[in-house]
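Pasted below: query_32.txt, compact mmCIF, C-alpha atoms and all ligand atoms.
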```
# COMPACT_ATOMS: atom_id res chain seq x y z
CA MET K 20 60.78 51.91 280.22
CA ILE K 21 61.79 51.10 276.64
CA LYS K 22 65.11 49.27 276.32
CA THR K 23 67.92 50.70 274.21
CA PRO K 24 68.95 48.30 271.42
CA ARG K 25 72.49 47.00 271.77
CA PHE K 26 74.83 48.26 269.09
CA THR K 27 78.04 46.68 267.88
CA GLN K 28 80.13 48.55 265.38
CA LEU K 29 82.68 46.55 263.46
CA GLN K 30 85.61 48.59 262.31
CA LEU K 31 84.00 49.95 259.15
CA ALA K 32 86.48 50.20 256.29
CA ASP K 33 89.58 52.09 257.33
CA PRO K 34 89.06 55.75 256.20
CA GLY K 35 92.46 55.65 254.47
CA ASN K 36 91.44 52.54 252.51
CA GLU K 37 88.14 54.13 251.59
CA GLN K 38 89.89 57.25 250.35
CA HIS K 39 92.28 55.11 248.32
CA GLU K 40 89.35 53.12 246.87
CA LEU K 41 87.46 56.31 245.97
CA ILE K 42 90.44 58.07 244.37
CA THR K 43 91.40 54.93 242.43
CA GLY K 44 87.83 54.74 241.09
CA LEU K 45 87.61 58.42 240.22
CA THR K 46 90.92 58.41 238.37
CA ALA K 47 90.29 55.13 236.48
CA ALA K 48 89.83 55.30 232.70
CA ALA K 49 86.16 54.45 233.28
CA ALA K 50 85.49 56.50 236.42
CA HIS K 51 83.35 54.77 239.05
CA PHE K 52 82.58 54.43 242.76
CA SER K 53 80.86 51.76 244.85
CA PRO K 54 77.10 52.17 245.49
CA LYS K 55 77.84 51.84 249.22
CA TYR K 56 78.75 55.56 249.07
CA PHE K 57 75.07 56.40 248.50
CA TYR K 58 74.32 55.56 252.10
CA ASP K 59 75.18 58.37 254.44
CA LEU K 60 72.32 59.55 256.67
CA LEU K 61 70.76 61.74 253.95
CA GLY K 62 71.25 59.00 251.34
CA SER K 63 69.37 56.50 253.52
CA ARG K 64 66.53 59.01 253.94
CA LEU K 65 66.45 59.61 250.19
CA PHE K 66 66.29 55.85 249.62
CA ASP K 67 63.29 55.71 251.95
CA ALA K 68 61.64 58.41 249.82
CA ILE K 69 62.41 56.40 246.66
CA THR K 70 60.51 53.43 248.09
CA CYS K 71 57.35 55.62 248.22
CA LEU K 72 57.53 56.63 244.53
CA PRO K 73 54.93 55.27 242.10
CA GLU K 74 57.68 54.23 239.66
CA TYR K 75 59.66 52.25 242.27
CA TYR K 76 57.79 48.94 242.16
CA PRO K 77 60.42 46.70 243.96
CA THR K 78 59.62 47.72 247.55
CA ARG K 79 55.84 47.50 247.32
CA THR K 80 56.01 44.29 245.25
CA GLU K 81 58.30 42.58 247.75
CA ALA K 82 56.27 43.89 250.70
CA GLY K 83 53.13 42.53 248.97
CA ILE K 84 54.69 39.07 248.69
CA LEU K 85 55.62 39.16 252.39
CA ARG K 86 52.09 40.28 253.33
CA ASN K 87 50.09 38.00 251.02
CA GLN K 88 52.23 34.89 251.25
CA GLY K 89 53.39 35.28 254.84
CA GLU K 90 51.55 32.14 255.96
CA LYS K 91 53.09 30.01 253.19
CA LEU K 92 56.47 31.49 253.95
CA ALA K 93 56.03 30.72 257.64
CA SER K 94 55.51 27.05 256.76
CA VAL K 95 59.09 26.74 255.43
CA VAL K 96 61.05 29.38 257.36
CA PRO K 97 61.92 28.30 260.94
CA HIS K 98 60.21 30.00 263.86
CA GLU K 99 62.00 31.40 266.92
CA ALA K 100 65.27 31.62 265.02
CA VAL K 101 67.68 34.56 265.14
CA LEU K 102 66.62 36.89 262.32
CA ILE K 103 69.65 38.59 260.74
CA ASP K 104 68.60 41.43 258.43
CA LEU K 105 71.35 42.31 255.93
CA GLY K 106 71.26 45.94 254.77
CA ALA K 107 68.28 46.41 257.06
CA GLY K 108 67.70 50.11 256.25
CA ASN K 109 64.54 51.27 258.03
CA CYS K 110 63.97 47.67 259.34
CA LYS K 111 60.33 47.74 258.16
CA LYS K 112 60.60 44.56 256.07
CA GLY K 113 62.38 42.76 258.90
CA MET K 114 59.65 43.82 261.32
CA SER K 115 56.96 42.61 258.92
CA LEU K 116 58.30 39.06 259.44
CA PHE K 117 57.93 39.16 263.23
CA ASP K 118 54.25 38.13 263.23
CA PHE K 119 54.89 35.21 260.90
CA ILE K 120 58.11 33.65 262.17
CA HIS K 121 58.33 35.02 265.75
CA PRO K 122 62.12 35.42 265.86
CA SER K 123 63.86 34.97 269.20
CA ARG K 124 66.19 37.85 268.43
CA TYR K 125 66.61 40.43 265.67
CA VAL K 126 70.06 41.47 264.43
CA ALA K 127 70.00 44.37 261.95
CA VAL K 128 73.16 44.92 259.90
CA ASP K 129 73.87 48.06 257.87
CA ILE K 130 76.68 50.34 256.77
CA SER K 131 74.51 53.42 257.41
CA VAL K 132 75.05 53.37 261.15
CA ASP K 133 73.25 56.56 262.26
CA PHE K 134 70.18 55.69 260.21
CA LEU K 135 70.19 52.13 261.59
CA ARG K 136 70.32 53.40 265.19
CA GLU K 137 67.20 55.54 264.57
CA ALA K 138 65.42 52.65 262.85
CA LEU K 139 66.19 50.22 265.68
CA GLU K 140 64.92 52.62 268.31
CA GLU K 141 61.60 52.61 266.45
CA VAL K 142 61.63 48.78 266.27
CA GLN K 143 62.22 48.68 270.03
CA ARG K 144 59.33 51.11 270.65
CA GLN K 145 57.01 48.87 268.63
CA HIS K 146 58.39 45.60 270.06
CA PRO K 147 59.52 46.42 273.61
CA ASP K 148 60.14 42.76 274.50
CA MET K 149 62.21 41.83 271.45
CA THR K 150 65.97 41.41 271.89
CA LEU K 151 67.56 43.68 269.30
CA ASP K 152 71.10 44.14 268.07
CA GLY K 153 72.45 46.65 265.59
CA LEU K 154 75.59 45.76 263.71
CA GLY K 155 77.39 48.52 261.80
CA GLU K 156 79.33 46.70 259.11
CA ASP K 157 80.47 47.11 255.51
CA PHE K 158 79.94 43.63 254.09
CA SER K 159 80.86 44.50 250.49
CA THR K 160 84.12 42.55 250.66
CA GLU K 161 83.49 40.19 253.58
CA PHE K 162 80.49 39.37 255.76
CA ARG K 163 81.24 38.62 259.41
CA LEU K 164 79.13 37.94 262.47
CA PRO K 165 81.41 39.20 265.26
CA SER K 166 81.91 37.24 268.48
CA GLU K 167 80.61 40.29 270.43
CA LEU K 168 77.11 39.24 269.35
CA ARG K 169 77.54 35.96 271.27
CA LEU K 170 75.50 34.00 268.75
CA ASN K 171 75.50 30.28 269.31
CA PRO K 172 76.71 28.76 265.99
CA GLU K 173 74.15 25.98 266.39
CA THR K 174 71.10 28.23 266.91
CA PRO K 175 68.89 28.34 263.79
CA LYS K 176 69.41 31.53 261.86
CA VAL K 177 67.30 33.19 259.21
CA PHE K 178 69.43 35.50 257.09
CA PHE K 179 67.15 38.05 255.44
CA TYR K 180 68.53 39.99 252.47
CA PRO K 181 65.60 41.92 250.96
CA GLY K 182 65.31 44.81 248.53
CA SER K 183 67.30 43.06 245.79
CA SER K 184 70.41 44.52 247.39
CA ILE K 185 72.26 41.42 246.09
CA SER K 186 71.80 43.02 242.64
CA ASN K 187 74.59 45.51 243.36
CA PHE K 188 76.96 42.57 243.08
CA GLY K 189 77.81 41.12 239.67
CA PRO K 190 77.07 37.38 239.33
CA ASP K 191 80.58 36.30 240.44
CA GLU K 192 80.62 38.59 243.49
CA ALA K 193 77.06 37.55 244.35
CA LEU K 194 78.19 33.92 244.38
CA VAL K 195 81.05 34.73 246.78
CA PHE K 196 78.63 36.60 249.08
CA LEU K 197 76.06 33.77 249.03
CA LYS K 198 78.77 31.22 249.87
CA GLN K 199 79.71 33.28 252.95
CA ILE K 200 76.10 33.20 254.14
CA GLN K 201 75.78 29.51 253.33
CA ALA K 202 78.85 28.79 255.48
CA TYR K 203 76.99 30.31 258.47
CA CYS K 204 73.96 28.08 257.73
CA VAL K 205 75.67 24.68 257.68
CA LYS K 206 75.83 24.32 261.49
CA ASN K 207 72.05 23.98 261.80
CA PRO K 208 69.89 22.29 259.14
CA LYS K 209 67.03 24.71 259.88
CA SER K 210 69.09 27.81 259.07
CA GLY K 211 68.72 29.47 255.71
CA LEU K 212 68.52 32.60 253.61
CA LEU K 213 65.38 34.53 252.67
CA ILE K 214 66.45 36.76 249.81
CA GLY K 215 64.56 39.21 247.59
CA VAL K 216 65.56 39.51 243.93
CA ASP K 217 64.29 41.82 241.21
CA LEU K 218 63.48 39.95 237.99
CA VAL K 219 64.03 40.88 234.33
CA LYS K 220 61.14 42.86 232.88
CA ASP K 221 60.50 45.45 230.18
CA LYS K 222 63.05 48.23 229.76
CA ALA K 223 60.57 51.10 230.20
CA THR K 224 59.37 49.87 233.61
CA LEU K 225 62.94 49.27 234.76
CA GLU K 226 64.30 52.62 233.60
CA ALA K 227 61.38 54.57 235.10
CA ALA K 228 62.02 52.90 238.48
CA TYR K 229 65.54 54.35 238.47
CA ASP K 230 64.69 57.74 236.92
CA ASP K 231 61.48 58.96 238.51
CA ALA K 232 59.62 62.05 237.38
CA LEU K 233 60.07 63.80 240.73
CA GLY K 234 63.85 63.49 240.57
CA VAL K 235 64.31 61.71 243.92
CA THR K 236 66.57 59.01 242.44
CA ALA K 237 68.58 61.78 240.73
CA ALA K 238 69.02 63.44 244.14
CA PHE K 239 70.00 60.07 245.67
CA ASN K 240 72.64 59.56 242.96
CA LYS K 241 74.01 63.12 243.26
CA ASN K 242 74.06 62.96 247.07
CA ALA K 243 76.87 60.41 246.73
CA LEU K 244 79.00 63.27 245.35
CA LEU K 245 78.36 65.25 248.55
CA ASN K 246 79.32 62.19 250.59
CA ILE K 247 82.51 61.82 248.51
CA ASN K 248 83.27 65.54 248.96
CA GLN K 249 83.26 64.90 252.72
CA ARG K 250 85.34 61.76 252.57
CA ILE K 251 88.17 62.93 250.31
CA GLY K 252 87.90 66.71 250.64
CA ALA K 253 86.66 67.01 247.05
CA ASP K 254 84.81 69.88 245.38
CA PHE K 255 82.23 68.19 243.16
CA ALA K 256 79.64 70.87 242.24
CA LEU K 257 76.20 69.29 241.88
CA ALA K 258 75.21 71.69 239.06
CA ASP K 259 77.92 70.11 236.86
CA TRP K 260 76.35 66.64 236.98
CA ALA K 261 73.23 64.98 235.62
CA HIS K 262 71.66 61.68 236.66
CA VAL K 263 71.57 58.92 234.02
CA ALA K 264 69.84 55.52 234.42
CA LEU K 265 69.73 52.97 231.61
CA PHE K 266 69.00 49.27 231.21
CA ASN K 267 71.95 47.42 229.70
CA THR K 268 70.13 44.67 227.80
CA GLU K 269 73.27 42.56 227.27
CA GLN K 270 74.37 42.49 230.89
CA LEU K 271 70.78 42.52 232.19
CA ARG K 272 71.50 45.35 234.59
CA ILE K 273 70.33 48.85 235.34
CA GLU K 274 73.31 51.17 235.34
CA MET K 275 73.31 54.51 237.10
CA HIS K 276 75.84 57.13 236.11
CA LEU K 277 76.58 60.78 236.79
CA GLU K 278 77.23 62.64 233.54
CA ALA K 279 79.16 65.92 233.30
CA VAL K 280 76.87 68.55 231.74
CA ARG K 281 79.89 70.80 231.06
CA ASP K 282 83.66 70.45 231.39
CA ALA K 283 84.41 70.19 235.10
CA THR K 284 87.67 69.86 237.03
CA VAL K 285 87.29 68.15 240.39
CA HIS K 286 90.00 68.56 243.06
CA TRP K 287 90.54 66.63 246.27
CA THR K 288 92.87 67.00 249.23
CA ALA K 289 92.99 63.44 250.65
CA GLN K 290 96.11 61.30 250.13
CA GLY K 291 98.02 64.21 248.57
CA ASP K 292 96.25 66.82 246.44
CA GLY K 293 94.73 65.42 243.25
CA LYS K 294 92.40 66.45 240.46
CA ARG K 295 90.65 65.16 237.38
CA THR K 296 89.09 67.05 234.50
CA PHE K 297 85.88 65.52 233.16
CA ARG K 298 84.77 66.64 229.69
CA GLN K 299 81.13 67.38 228.94
CA GLY K 300 79.40 64.01 228.47
CA ASP K 301 81.95 62.02 230.53
CA ARG K 302 80.33 59.68 233.03
CA ILE K 303 81.04 58.31 236.50
CA HIS K 304 79.48 54.86 236.94
CA SER K 305 77.77 54.81 240.34
CA GLU K 306 75.64 51.65 240.47
CA ASN K 307 74.77 48.38 238.80
CA SER K 308 71.53 46.66 239.67
CA TYR K 309 71.44 43.24 238.05
CA LYS K 310 68.07 41.79 237.08
CA TRP K 311 67.73 38.03 237.27
CA LEU K 312 65.68 35.28 235.67
CA LYS K 313 64.04 33.25 238.41
CA SER K 314 65.71 30.06 237.13
CA SER K 315 69.19 31.67 236.97
CA PHE K 316 69.01 32.95 240.52
CA GLU K 317 67.80 29.60 241.80
CA ALA K 318 70.78 27.97 240.04
CA LEU K 319 73.12 30.52 241.69
CA LEU K 320 71.75 29.62 245.14
CA ARG K 321 72.37 25.93 244.44
CA GLU K 322 75.88 26.71 243.19
CA ALA K 323 76.50 28.51 246.50
CA GLY K 324 75.67 25.26 248.32
CA PHE K 325 72.01 25.71 249.28
CA LYS K 326 70.06 22.47 248.79
CA ASP K 327 66.35 23.30 249.14
CA VAL K 328 65.08 26.40 247.36
CA THR K 329 61.49 27.66 247.41
CA ALA K 330 60.43 30.72 245.40
CA PHE K 331 57.59 33.13 246.21
CA THR K 332 56.67 35.58 243.45
CA ASP K 333 54.02 38.20 242.75
CA GLU K 334 51.37 37.59 240.06
CA ASN K 335 53.35 39.55 237.40
CA GLU K 336 56.58 37.70 238.24
CA TRP K 337 58.33 41.07 238.71
CA PHE K 338 60.07 40.14 241.94
CA SER K 339 60.91 36.92 243.74
CA LEU K 340 61.68 35.98 247.32
CA PHE K 341 63.66 32.78 247.69
CA TRP K 342 63.92 30.66 250.82
CA ALA K 343 67.17 28.69 250.50
CA SER K 344 68.24 26.25 253.19
C1 LIG K 401 68.50 48.99 248.60
S1 LIG K 401 68.62 49.43 250.30
C2 LIG K 401 67.52 48.20 251.02
C3 LIG K 401 67.00 48.61 252.37
C4 LIG K 401 65.96 47.65 252.98
N1 LIG K 401 66.55 46.35 253.29
C5 LIG K 401 64.82 47.45 252.02
O1 LIG K 401 64.71 46.36 251.47
O2 LIG K 401 64.04 48.37 251.84
C6 LIG K 401 70.23 48.77 250.68
C7 LIG K 401 70.61 48.82 252.15
O3 LIG K 401 71.86 48.16 252.31
C8 LIG K 401 72.77 48.99 253.02
N2 LIG K 401 74.11 48.77 252.46
C9 LIG K 401 74.55 49.16 251.23
N3 LIG K 401 75.82 48.76 251.05
C10 LIG K 401 76.19 48.11 252.19
C11 LIG K 401 77.40 47.47 252.61
N4 LIG K 401 78.48 47.42 251.81
N5 LIG K 401 77.44 46.91 253.84
C12 LIG K 401 76.34 46.96 254.67
N6 LIG K 401 75.16 47.54 254.32
C13 LIG K 401 75.10 48.12 253.10
C14 LIG K 401 72.27 50.40 252.79
O4 LIG K 401 72.68 51.29 253.81
C15 LIG K 401 70.77 50.22 252.72
O5 LIG K 401 70.15 50.32 253.96
```
Show the structure stored in the file as structure tokens.
Ligand SMILES: C[S@@+](CC[C@H](N)C(=O)[O-])C[C@H]1O[C@@H](n2cnc3c(N)ncnc32)[C@H](O)[C@@H]1O
Amino acid sequence: MIKTPRFTQLQLADPGNEQHELITGLTAAAAHFSPKYFYDLLGSRLFDAITCLPEYYPTRTEAGILRNQGEKLASVVPHEAVLIDLGAGNCKKGMSLFDFIHPSRYVAVDISVDFLREALEEVQRQHPDMTLDGLGEDFSTEFRLPSELRLNPETPKVFFYPGSSISNFGPDEALVFLKQIQAYCVKNPKSGLLIGVDLVKDKATLEAAYDDALGVTAAFNKNALLNINQRIGADFALADWAHVALFNTEQLRIEMHLEAVRDATVHWTAQGDGKRTFRQGDRIHSENSYKWLKSSFEALLREAGFKDVTAFTDENEWFSLFWAS
């Protein structure tokens, strides 16, 4: 009989706080919301579809590095450690490490709890003997490994943060996040972080990756409005909004926005009735995805306290995995 993965759910952000955060963002002079609101169940499925698109090079490039350089990677990353997959999504990248580093236990962390449960059941089917834990957590403000997991602080840990998800943080926030992970690594000299980072490249390639011809990324962006409708009782109408993705060459980041195609008044019922009128052309900023130079990201890891850093890149230097211990 196949085991059922254990699941621990940290108190995800208090719904009242989330509503406050959303309404504050939507009523700000420059309207915005956090990219974490992309990831309800449908959003996670849409992200999976994005990873299959010809324009979306990050997933296949990173998976190629893991496949082609797995042996080299296995010579620096500890074996039989606890593998902690941050923003695990469908867990496929985490699973691809199993044959190389033979983790003793796999802990998958994600905000998209229902999607993570499904993904972990599949991991358990494929690896019936592996000890699996799911951890439902929003780590955008603080990352915590709860005591319920009963992880020995001294056991070697491999934190795995693939998909360039770190890119949703600006450089200062990324540093804070990396320091939190580094603090969990200091108890055992073998512990470390294996992190995937998308590198600066030409604007056309970057913009196409976030604005595909099929319109899947547009659907992913607009689905956040449906998620927000649920969370704050809002009435965003999808037909009023268009997907915009552009590379900001000064900040070295892809920005995703939703742009009003006509004047649109949006109402919500949470936290007292509210509304905002957006004029045609007004935008709501929905995501930043920072692109890094290999040398700058390596410097950031060192600033966070990691001492040894090894980089693994593809032949075009489009994407880099770093092992930092
Ligand atoms: C870009 S996807 C990467 C998925 C997978 N790791 C990969 O590389 O294909 C980002 C993942 O992080 C999760 N995520 C986003 N914001 C999060 C947050 N604040 N806390 C925890 N997980 C989050 C999403 O649900 C999603 O699965």
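With all atoms listed in the file as the atoms that count, the residue of K:Pro122, K:Gly108, K:Pro97, K:Gly35 with the shortest distance to ligand LIG 401 (chain K) is K:Gly108.
Take atom CA of K:Pro77 and atom S1 of ligand LIG 401 (chain K): the distance between them is 10.7 Å.
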Practice task
Residues within 9 Å of ligand LIG 401 (chain K) should be enumerated using all atoms listed in the file and returned as an MDAnalysis selection string.
Solution key: chainID K and resid 31 53:60 62:63 66:67 70 77:78 81:82 104:113 128:132 134:135 155:162 179:185 187 215
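Each of K:Glu336, K:Asp301, K:Glu40, K:Glu192 was checked against K:Tyr76 using all atoms listed in the file; the smallest atom-to-atom distance is that of K:Glu336.
Between atom CA of K:His121 and atom CA of K:Gly324 there is a distance of 26.5 Å.
Proximity ranking of K:Leu257, K:Ala228, K:Ala264, K:Ala243 relative to K:Ile69 places K:Ala228 first, based on only C-alpha atoms.
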Exercise for the section: Select, from K:Phe266, K:Ser344, K:Gln28, K:His286, the residue with the minimum atom-to-atom distance to K:Pro165, counting all atoms listed in the file. Expected result: K:Gln28
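Shortest separation to K:Tyr229 among K:Leu72, K:Leu85, K:Ala100, K:Leu312 occurs at residue K:Leu72, atoms counted being all atoms listed in the file.
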Practice task
Fewer than 4 positions away in the same chain doesn't count, so skip those; otherwise give me all residues within 6 Å of stretch 196-209 of chain K, counting all atoms listed in the file, as a list in words.
Solution key: Glu173, Pro175 and Ala323 of chain K
